[in-house]
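Here the structure comes first, spelled out in structure tokens, and everything after it is commentary.
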Amino acid sequence: MAHSATTVRESIRAVMANRGLRLLVLSTGATSVGKWGFGVALSVYAYRTGGATLVGVVLLLQAFPSVIAAPILAWLGDRHSRERVLLLTNAVRTALLAGAAAAMWTHAGAAVVFALAVVYSMVSTANQPARAALIPALSRVPSEASSANAVLSSLDNVGFLIGAGVGGVMIAATSTQAVVAACAVAYLFSLWMIAALPHDARRTGRRTKLGLGREIASGFHTVSGQPQLRLLVLLLASLSVTGGIANVLVVVTAISILHAGAAGVGYLSAAYAAGGVLAGVVTIALLERSVHVATVLVGACALCLPLIIAGIAPAPATALVAWAAVGLCYALVRGTALTLLQRLTEDRVLSRVLGVLETAFVAGIGIGAIVAPALVASLGTKGALIASGVFLPFVAVLSRPSLRNLEAGAPVPGESFQLLRANPIFAPMPIGVTESLTRALREITVPADTTVIRQGDPGDLWFLIAEGEVEVVKDGVFQARLGKGDAFGEIALLRDVPRTATVRTLAPSHLLALDRDRFLAAVTGLAESHEAAQEIATNHLNSGSPRPAL
């Protein structure tokens, strides 16, 4: 237990020690408070304007355009620098919130406020995919990405507790427009953090033979064409259906079973959020042991227990514990499955694949919200709780044989992973592929003044310099000096020709080597990596190249 607590603290410290992740975490915390605070203020404003029916209509108006906008706007995160997308979307959301507050203050009309809220929801669909896609790029090792996902999930639940709780208190003490204005200020703080994010160094804005429509649809094509991604999106969509059902049942449980009224809804919602906060700690502890799939399966199956218990033995204490457990399991499954999705998706389409997930999530919550009343009508509240608890475990158990192929494996050496990801050939690869290749790297220590490869010899290894310095000599003529992070050996492997130059160490050097078969399988299996490798090889074969490959 003490060891797990220490590991969790170390993981969180590692995330916060990473400047890029720290800024992303702080900015996300601010937007989370603003998001939930605005949600409460908007619902109260709608209720005061047109009653409960108008609240439902406004939520529906926000949801449906967002389903359509998500895959379109997620394309921005692959086409352009992701921190710029975050900066732009948060700037627009800040302006929309400020506009909504002004419209409330000046009595411009409910239609104006609701229109701004709909646009706000649509713009928000670009934010989540870009942020989730940026996490692997900012992470120095895969475990940091897993921990960052868990921290952000917990922070969103903290934001719910603060935004919804404080927002409710502020509305009672001041006004809805004051709360919306405060939310705009929270977004301004987020903008300040995002502006300081490291530049996203991916190759963006590259020409493509695909039209805009096909580019936008690439996320759907990628998911439909890869069984592993398809499985994860299906599982997460099933999770969101359960979440949509729970959103309705929390109200029905508090009012119809516990007879606790609106205050009971608040208590159960707070318990749910508290469980989500705890889920971050639990997730980090489990993922440090590289048990991603087991975490998904256990979390999905465990989700049924609190709902079933709440249905069988309804009582205030039982319901609070049950809803906290639901929040914990829900966040556990979502955070872990998201980590798996990040690992399996190539960087080129990562934001668009996450946009598909965002679409599935919003649609799933809507479906759940529609299904819940039907369950209550046909089975009663208790029966609906029990039935809703069985759905996700059923999907997870059916998926278990396929999920077993997604396990992450043992942690990878951090520095080797960073060096490999920094290489332009391997940078576009999914993080899971890079992990596997990092484990396959062979470490070679070479003394100074030693020939590593000789011109004319057959090539069987690709080399990456971890420490030290080498010189490249071709036909007896000095060509280049290479140091840490540089690589050599591509041409002989890619073109199936003898080594085109000789490489000698100038100082004691530590090299990382990848065998021919693994190198070719990885590079030729991904179009962007193959293109980058061929471009490097062609440039290096050019007589004017300062740094030839071999």
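Quick note on naming: the chains in the structure tokens go A, B, ... in the order shown, residues restart at 1 in each chain, and ligands are numbered from 1 in order of appearance.
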With 12 Å as the cut-off and only C-alpha atoms counted, what is the closest atom pair between each nearby residue of region 212-257 of chain A and region 305-308 of chain A? Distances in Å to one decimal, ordered by chain and number, as JSON lines.
{"residue": "A:Thr242", "atom": "CA", "partner": "A:Leu307", "partner_atom": "CA", "distance": 10.5}
{"residue": "A:Gly243", "atom": "CA", "partner": "A:Leu307", "partner_atom": "CA", "distance": 11.6}
{"residue": "A:Ile245", "atom": "CA", "partner": "A:Leu307", "partner_atom": "CA", "distance": 11.0}
{"residue": "A:Ala246", "atom": "CA", "partner": "A:Leu307", "partner_atom": "CA", "distance": 8.9}
{"residue": "A:Leu249", "atom": "CA", "partner": "A:Leu307", "partner_atom": "CA", "distance": 9.8}
{"residue": "A:Val250", "atom": "CA", "partner": "A:Leu307", "partner_atom": "CA", "distance": 10.3}
{"residue": "A:Thr253", "atom": "CA", "partner": "A:Leu307", "partner_atom": "CA", "distance": 10.6}
With N, CA and C atoms retained, export the selected residues as a short mmCIF file (atom, residue, chain, number, x, y, z; two decimals), in the first residue's frame.
data_model
loop_
_atom_site.label_atom_id
_atom_site.label_comp_id
_atom_site.auth_asym_id
_atom_site.auth_seq_id
_atom_site.Cartn_x
_atom_site.Cartn_y
_atom_site.Cartn_z
N THR A 242 -24.09 4.20 -20.80
CA THR A 242 -24.31 3.98 -19.37
C THR A 242 -24.28 5.31 -18.61
N GLY A 243 -23.35 6.20 -19.01
CA GLY A 243 -23.28 7.51 -18.36
C GLY A 243 -24.53 8.34 -18.61
N ILE A 245 -27.55 7.15 -19.16
CA ILE A 245 -28.60 6.56 -18.33
C ILE A 245 -28.44 7.02 -16.88
N ALA A 246 -27.20 7.00 -16.39
CA ALA A 246 -26.93 7.39 -15.00
C ALA A 246 -27.29 8.85 -14.76
N LEU A 249 -30.94 8.68 -14.13
CA LEU A 249 -31.29 7.90 -12.95
C LEU A 249 -30.87 8.56 -11.64
N VAL A 250 -29.84 9.42 -11.69
CA VAL A 250 -29.42 10.10 -10.47
C VAL A 250 -30.54 11.02 -9.98
N THR A 253 -33.49 8.61 -8.84
CA THR A 253 -33.15 7.96 -7.58
C THR A 253 -33.31 8.92 -6.40
#
Hey, what's within 10 Å of Thr502 (chain A) if we count only C-alpha atoms and toss same-chain stuff fewer than 4 positions away? As number ranges by chain, please?
-> A: 451-457, 471-479, 550
With C-alpha atoms kept, could you save the residues just selected as a PDB file, in the first residue's frame?
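So the final result, stored in again_36.pdb, reads:
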ATOM      1  CA  THR A 451      34.876   1.265 -36.805  1.00  0.00           C
ATOM      2  CA  VAL A 452      31.147   0.721 -36.333  1.00  0.00           C
ATOM      3  CA  ILE A 453      30.287   0.020 -39.971  1.00  0.00           C
ATOM      4  CA  ARG A 454      32.556  -0.219 -42.999  1.00  0.00           C
ATOM      5  CA  GLN A 455      31.856   1.023 -46.528  1.00  0.00           C
ATOM      6  CA  GLY A 456      30.960  -1.882 -48.838  1.00  0.00           C
ATOM      7  CA  ASP A 457      29.840  -4.254 -46.066  1.00  0.00           C
ATOM      8  CA  GLU A 471      32.595  10.609 -37.985  1.00  0.00           C
ATOM      9  CA  VAL A 472      31.389   9.563 -41.430  1.00  0.00           C
ATOM     10  CA  VAL A 473      33.994   8.906 -44.132  1.00  0.00           C
ATOM     11  CA  LYS A 474      33.156   8.053 -47.777  1.00  0.00           C
ATOM     12  CA  ASP A 475      35.824   6.955 -50.238  1.00  0.00           C
ATOM     13  CA  GLY A 476      38.417   8.193 -47.760  1.00  0.00           C
ATOM     14  CA  VAL A 477      36.883  11.695 -47.612  1.00  0.00           C
ATOM     15  CA  PHE A 478      35.387  13.101 -44.399  1.00  0.00           C
ATOM     16  CA  GLN A 479      31.636  13.704 -44.769  1.00  0.00           C
ATOM     17  CA  LEU A 550      24.681   4.575 -44.710  1.00  0.00           C
TER      18      LEU A 550
END
Which residues, written as a count of residues only, have at least one atom at most 8 Å from Thr89 (chain A), with only C-alpha atoms counted and residues fewer than 6 positions away on the same chain left out?
-> 4
Backbone-only DSSP, alpha helix (DSSP H) members of region 143-245 of chain A, as a VMD selection string | chain A and resid 143 to 173 176 to 195 212 to 225 227 to 245
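In this structure, CA of Leu379 (chain A) sits 22.3 Å away from CA of Gly264 (chain A).
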Students should find that CA of Glu443 (chain A) and CA of Arg13 (chain A) are spaced 29.1 Å
Would you pick out the contacts of Gly163 (chain A) at 7 Å or less, using only C-alpha atoms, so that residues sharing its chain but fewer than 4 positions from it are not included, and give the list as a compact mmCIF listing (two decimals) with C-alpha atoms, in the first residue's frame?
# COMPACT_ATOMS: atom_id res chain seq x y z
CA VAL A 33 -14.30 25.07 -13.64
CA GLY A 34 -15.59 27.46 -16.29
CA TRP A 36 -19.28 23.30 -15.27
CA GLY A 37 -20.02 26.73 -13.84
CA GLY A 159 -13.75 21.31 -11.72
CA GLY A 167 -21.58 28.43 -9.30
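Picture a line from CA of Ala325 (chain A) to CA of Ile367 (chain A); it runs 22.5 Å.
With only C-alpha atoms taken into account, the protein and nucleic acid residues at most 9 Å from Val326 (chain A) (excluding it and anything under 2 positions from it in its own chain) are Ala246, Tyr272, Gly275, Gly276, Ala302, Leu303, Cys304, Leu305, Pro306, Leu307, Val321, Ala322, Trp323, Ala324, Leu328, Cys329, Tyr330 and Ala331 of chain A.
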Near region 513-520 of chain A, counting only C-alpha atoms, which residues have an atom at most 7 Å away, once you skip same-chain residues fewer than 5 positions from it, shown as a PDB file with N, CA and C atoms, in the first residue's frame?
ATOM      1  N   ALA A 440      12.909  -3.236 -28.295  1.00  0.00           N
ATOM      2  CA  ALA A 440      13.699  -4.074 -29.205  1.00  0.00           C
ATOM      3  C   ALA A 440      15.082  -3.497 -29.494  1.00  0.00           C
ATOM      4  N   LEU A 441      15.340  -2.257 -29.062  1.00  0.00           N
ATOM      5  CA  LEU A 441      16.648  -1.647 -29.318  1.00  0.00           C
ATOM      6  C   LEU A 441      17.757  -2.426 -28.608  1.00  0.00           C
ATOM      7  N   ARG A 442      18.848  -2.626 -29.309  1.00  0.00           N
ATOM      8  CA  ARG A 442      20.019  -3.312 -28.753  1.00  0.00           C
ATOM      9  C   ARG A 442      21.040  -2.265 -28.329  1.00  0.00           C
ATOM     10  N   GLU A 443      21.474  -2.308 -27.075  1.00  0.00           N
ATOM     11  CA  GLU A 443      22.453  -1.328 -26.583  1.00  0.00           C
ATOM     12  C   GLU A 443      23.868  -1.819 -26.874  1.00  0.00           C
ATOM     13  N   ASP A 460      22.880  -4.634 -41.731  1.00  0.00           N
ATOM     14  CA  ASP A 460      21.870  -5.416 -41.020  1.00  0.00           C
ATOM     15  C   ASP A 460      21.319  -4.685 -39.796  1.00  0.00           C
ATOM     16  N   LEU A 461      21.844  -3.452 -39.502  1.00  0.00           N
ATOM     17  CA  LEU A 461      21.394  -2.707 -38.330  1.00  0.00           C
ATOM     18  C   LEU A 461      21.207  -1.225 -38.670  1.00  0.00           C
ATOM     19  N   TRP A 462      20.253  -0.606 -37.985  1.00  0.00           N
ATOM     20  CA  TRP A 462      20.095   0.845 -38.004  1.00  0.00           C
ATOM     21  C   TRP A 462      20.547   1.357 -36.648  1.00  0.00           C
ATOM     22  N   PHE A 463      21.317   2.452 -36.625  1.00  0.00           N
ATOM     23  CA  PHE A 463      21.934   2.938 -35.386  1.00  0.00           C
ATOM     24  C   PHE A 463      21.405   4.316 -34.990  1.00  0.00           C
ATOM     25  N   LEU A 464      21.280   4.487 -33.675  1.00  0.00           N
ATOM     26  CA  LEU A 464      20.882   5.759 -33.072  1.00  0.00           C
ATOM     27  C   LEU A 464      21.900   6.067 -31.977  1.00  0.00           C
ATOM     28  N   LEU A 493      19.586  -0.413 -45.528  1.00  0.00           N
ATOM     29  CA  LEU A 493      18.387  -1.191 -45.201  1.00  0.00           C
ATOM     30  C   LEU A 493      17.258  -0.872 -46.170  1.00  0.00           C
TER      31      LEU A 493
END
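Look at Trp192 (chain A): the protein and nucleic acid residues within 12 Å of it, using only C-alpha atoms and passing over chain neighbours fewer than 3 places away, are Leu23, Leu24, Leu26, Ser27, Thr28, Ala30, Thr31, Leu86, Leu87, Asn90, Ala91, Thr94, Val185, Ala186, Tyr187, Leu188, Phe189, Ala195, Ala196 and Leu197 of chain A.
With only C-alpha atoms as the atoms that count, the residue of A:Val241, A:Ala117, A:Ala466, A:Val55 with the shortest distance to Ile444 (chain A) is A:Ala466.
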Which residue of A:Arg421, A:Arg352, A:His199, A:Arg19 approaches Pro129 (chain A) most closely, using only C-alpha atoms | A:Arg352
Residue with the minimum atom-to-atom distance to Val251 (chain A), picked from A:Thr381, A:Ser238, A:Ser11, A:Thr500 with only C-alpha atoms counted, is A:Thr381
Cut-off 10 Å: closest region 12-95 of chain A/region 135-150 of chain A atom pairs per residue, using only C-alpha atoms, as CSV:
residue,atom,partner,partner_atom,distance
A:Ile12,CA,A:Ser147,CA,6.8
A:Arg13,CA,A:Ser147,CA,9.9
A:Ala14,CA,A:Glu144,CA,7.0
A:Val15,CA,A:Glu144,CA,6.0
A:Met16,CA,A:Ala148,CA,8.9
A:Asn18,CA,A:Ser139,CA,7.7
A:Arg19,CA,A:Leu138,CA,8.7
A:Gly20,CA,A:Leu138,CA,5.9
A:Leu21,CA,A:Leu138,CA,6.3
A:Arg22,CA,A:Ala148,CA,9.0
A:Leu24,CA,A:Ile135,CA,8.4
A:Val25,CA,A:Ala148,CA,7.8
A:Arg82,CA,A:Ala137,CA,9.9
Keeping only C-alpha atoms, write the selected residues to a file as a compact mmCIF listing (two decimals), in the first residue's frame.
# COMPACT_ATOMS: atom_id res chain seq x y z
CA ILE A 12 1.97 13.02 -10.33
CA ARG A 13 5.24 14.82 -9.55
CA ALA A 14 6.63 13.62 -12.90
CA VAL A 15 3.62 15.04 -14.72
CA MET A 16 3.89 18.37 -12.92
CA ASN A 18 7.07 18.28 -17.21
CA ARG A 19 6.52 21.94 -18.10
CA GLY A 20 4.29 21.24 -21.08
CA LEU A 21 2.06 18.80 -19.19
CA ARG A 22 1.95 21.11 -16.16
CA LEU A 24 -1.83 21.71 -19.97
CA VAL A 25 -3.08 20.46 -16.59
CA ARG A 82 -2.39 21.54 -31.56
